[in-house]
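Presented below is the structure to which this report refers.
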Amino acid sequence: MLLQGKDVPVSFVLDGGAAGVSFDGRKVTVRTGGARGGRRLLYAWVRRKASLPLKQSLWRQSRALGVTVRSVQVRDQRSRWGSCSGGRTVSLNFRLFMAPGEVMDYVVLHELVHLTVPNHSRAFWSKVEEHCPRYREHRLWLRKNGHRLKVP
């Protein structure tokens, strides 16, 4: 699976010991008593790991842009990488954590810019480009690799 843009092997170990997920920097090991439980453990682990980096990116970039965010939600959105509401709530797909950091940051920026420009006009893309000159590369990466951002 991808983890922060890098291919990382995942090993499922079936044993009677304590269930859990570990990452040694090179591979993810899921210890469980059954294959189904292992997938649930891995899914929950990735969601937990994703929350802090996504929120840190959002708070850092919102300060840089000078925009106020009321709340942030890290969710499992099936068809979107992110969204924002008129109430200044930003929702981010936890799978963004699996993408390279600059791609994750681009999507966060995209949603934050929507708080000031609520459409995809030239003014919107100009503001995105002002803060992320390589945004086109990041959009292309998502188009080509977005299908790989899934928990096995």
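FYI, nothing fancy with the structure tokens labels: chains A, B, ... in order, residues from 1 per chain, ligands from 1 as they appear.
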
Do you know which residues are at most 6 Å from A:Thr89 counting only C-alpha atoms, after dropping those on the same chain fewer than 5 positions away, and could you put them as a list in words?
Arg70, Ser71, Val72 and Cys84 of chain A

Selected residues written out with all heavy atoms, as a PDB file, in the first residue's frame:
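Final output, saved to result_32.pdb:
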ATOM      1  N   ARG A  70     -13.551  26.866  11.259  1.00  0.00           N
ATOM      2  CA  ARG A  70     -14.294  26.590  12.489  1.00  0.00           C
ATOM      3  C   ARG A  70     -13.984  25.198  13.008  1.00  0.00           C
ATOM      4  O   ARG A  70     -13.741  25.005  14.181  1.00  0.00           O
ATOM      5  CB  ARG A  70     -15.792  26.741  12.266  1.00  0.00           C
ATOM      6  CG  ARG A  70     -16.602  26.619  13.559  1.00  0.00           C
ATOM      7  CD  ARG A  70     -18.083  26.815  13.330  1.00  0.00           C
ATOM      8  NE  ARG A  70     -18.667  25.796  12.492  1.00  0.00           N
ATOM      9  CZ  ARG A  70     -19.045  24.581  12.913  1.00  0.00           C
ATOM     10  NH1 ARG A  70     -18.904  24.247  14.158  1.00  0.00           N
ATOM     11  NH2 ARG A  70     -19.585  23.728  12.072  1.00  0.00           N
ATOM     12  N   SER A  71     -13.969  24.222  12.107  1.00  0.00           N
ATOM     13  CA  SER A  71     -13.628  22.861  12.522  1.00  0.00           C
ATOM     14  C   SER A  71     -13.109  22.079  11.327  1.00  0.00           C
ATOM     15  O   SER A  71     -13.316  22.449  10.175  1.00  0.00           O
ATOM     16  CB  SER A  71     -14.840  22.153  13.145  1.00  0.00           C
ATOM     17  OG  SER A  71     -15.827  21.898  12.182  1.00  0.00           O
ATOM     18  N   VAL A  72     -12.426  20.993  11.645  1.00  0.00           N
ATOM     19  CA  VAL A  72     -11.900  20.103  10.616  1.00  0.00           C
ATOM     20  C   VAL A  72     -12.348  18.687  10.939  1.00  0.00           C
ATOM     21  O   VAL A  72     -12.369  18.286  12.102  1.00  0.00           O
ATOM     22  CB  VAL A  72     -10.362  20.206  10.497  1.00  0.00           C
ATOM     23  CG1 VAL A  72      -9.679  19.840  11.796  1.00  0.00           C
ATOM     24  CG2 VAL A  72      -9.838  19.334   9.372  1.00  0.00           C
ATOM     25  N   CYS A  84     -15.576  21.685   1.805  1.00  0.00           N
ATOM     26  CA  CYS A  84     -15.725  22.686   2.850  1.00  0.00           C
ATOM     27  C   CYS A  84     -17.155  23.192   2.816  1.00  0.00           C
ATOM     28  O   CYS A  84     -17.836  23.110   1.796  1.00  0.00           O
ATOM     29  CB  CYS A  84     -14.723  23.820   2.704  1.00  0.00           C
ATOM     30  SG  CYS A  84     -14.874  24.776   1.205  1.00  0.00           S
TER      31      CYS A  84
END

Determine, using only C-alpha atoms, which residues of stretch 36-77 of chain A have any atom at most 10 Å from an atom of stretch 8-24 of chain A, and tabulate each with its shortest atom pair and distance in Å to one decimal place, rows ordered by chain and then rising number, as a Markdown table.
| residue | atom | partner | partner_atom | distance |
| --- | --- | --- | --- | --- |
| A:Gly37 | CA | A:Ala19 | CA | 8.8 |
| A:Gly38 | CA | A:Phe12 | CA | 6.8 |
| A:Arg39 | CA | A:Phe12 | CA | 8.8 |
| A:Leu41 | CA | A:Gly20 | CA | 6.8 |
| A:Leu42 | CA | A:Val21 | CA | 6.6 |
| A:Tyr43 | CA | A:Val21 | CA | 10.0 |
| A:Ala44 | CA | A:Val21 | CA | 9.5 |
| A:Trp45 | CA | A:Val21 | CA | 6.9 |
| A:Val46 | CA | A:Val21 | CA | 9.5 |

Quick one: residues within 12 Å of stretch 144-147 of chain A, only C-alpha atoms counted, chain neighbours fewer than 5 positions away excluded, as a list in words?
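Close residues of stretch 144-147 of chain A: Met1, Leu2, Gly5, Lys6, Asp7, Arg78, Ser79, Arg80, Trp81, Asn93, Arg95, Leu96, Phe97, Met98, Ala99, Pro100, Val103, Met104, Glu137, His138, Arg139 and Pro152 of chain A.
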
Per DSSP on the backbone, filter chain A down to the residues in helix (DSSP H, G or I) and report them as JSON, numbers by chain.
{"A": [35, 36, 37, 38, 39, 40, 41, 42, 43, 44, 45, 46, 47, 48, 49, 50, 51, 52, 53, 54, 55, 56, 57, 58, 59, 60, 61, 62, 63, 64, 65, 94, 95, 96, 97, 98, 101, 102, 103, 104, 105, 106, 107, 108, 109, 110, 111, 112, 113, 114, 122, 123, 124, 125, 126, 127, 128, 129, 130, 131, 135, 136, 137, 138, 139, 140, 141, 142, 143, 144, 145, 146, 147, 148]}

Among listed residues A:Val74, A:Leu92, A:Leu3, A:Leu109, nearest A:Pro133 (using only C-alpha atoms):
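Looking at the shortest contact to A:Pro133, the residue is A:Leu109.
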
Identify, on the basis of only C-alpha atoms, every residue whose closest approach to A:Trp59 does not exceed 12 Å; exclude the query and any residue fewer than 4 positions from it along the same chain; express the result as a PyMOL selection string.
chain A and resi 52-55+63-72+90+105+108-109+112

Can you tell me how far atom CA of A:Arg75 sits from atom CA of A:Val151, in Å to one decimal?
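Atom CA of A:Val151 lies at a distance of 13.9 Å from atom CA of A:Arg75.
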
Taking only chain A into account, list the residues labelled strand (DSSP E) by DSSP (computed from the backbone), as a ChimeraX atom specification.
/A:2-3,6-7,10-14,20-23,28-32,71-75,82-84,89-93

Give the answer as one residue: which of A:Leu58, A:Gly86, A:Phe94, A:Arg148 has the shortest atom-to-atom distance to A:Val117, using only C-alpha atoms?
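Among the listed residues, A:Gly86 lies closest to A:Val117.
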
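Of the listed residues (A:Leu140, A:Ala50, A:Leu149, A:Val113), A:Val113 comes nearest to A:Arg88; the distances count only C-alpha atoms.
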
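Counting only C-alpha atoms and comparing A:Ser51, A:Thr32, A:Gln77, A:Ser126, the residue that lies closest to A:Lys150 is A:Gln77.
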
Return the single residue from A:Lys27, A:His131, A:Arg143, A:Arg48 that is closest to A:Asp76, with distances computed using only C-alpha atoms.
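Among the listed residues, A:Arg48 lies closest to A:Asp76.
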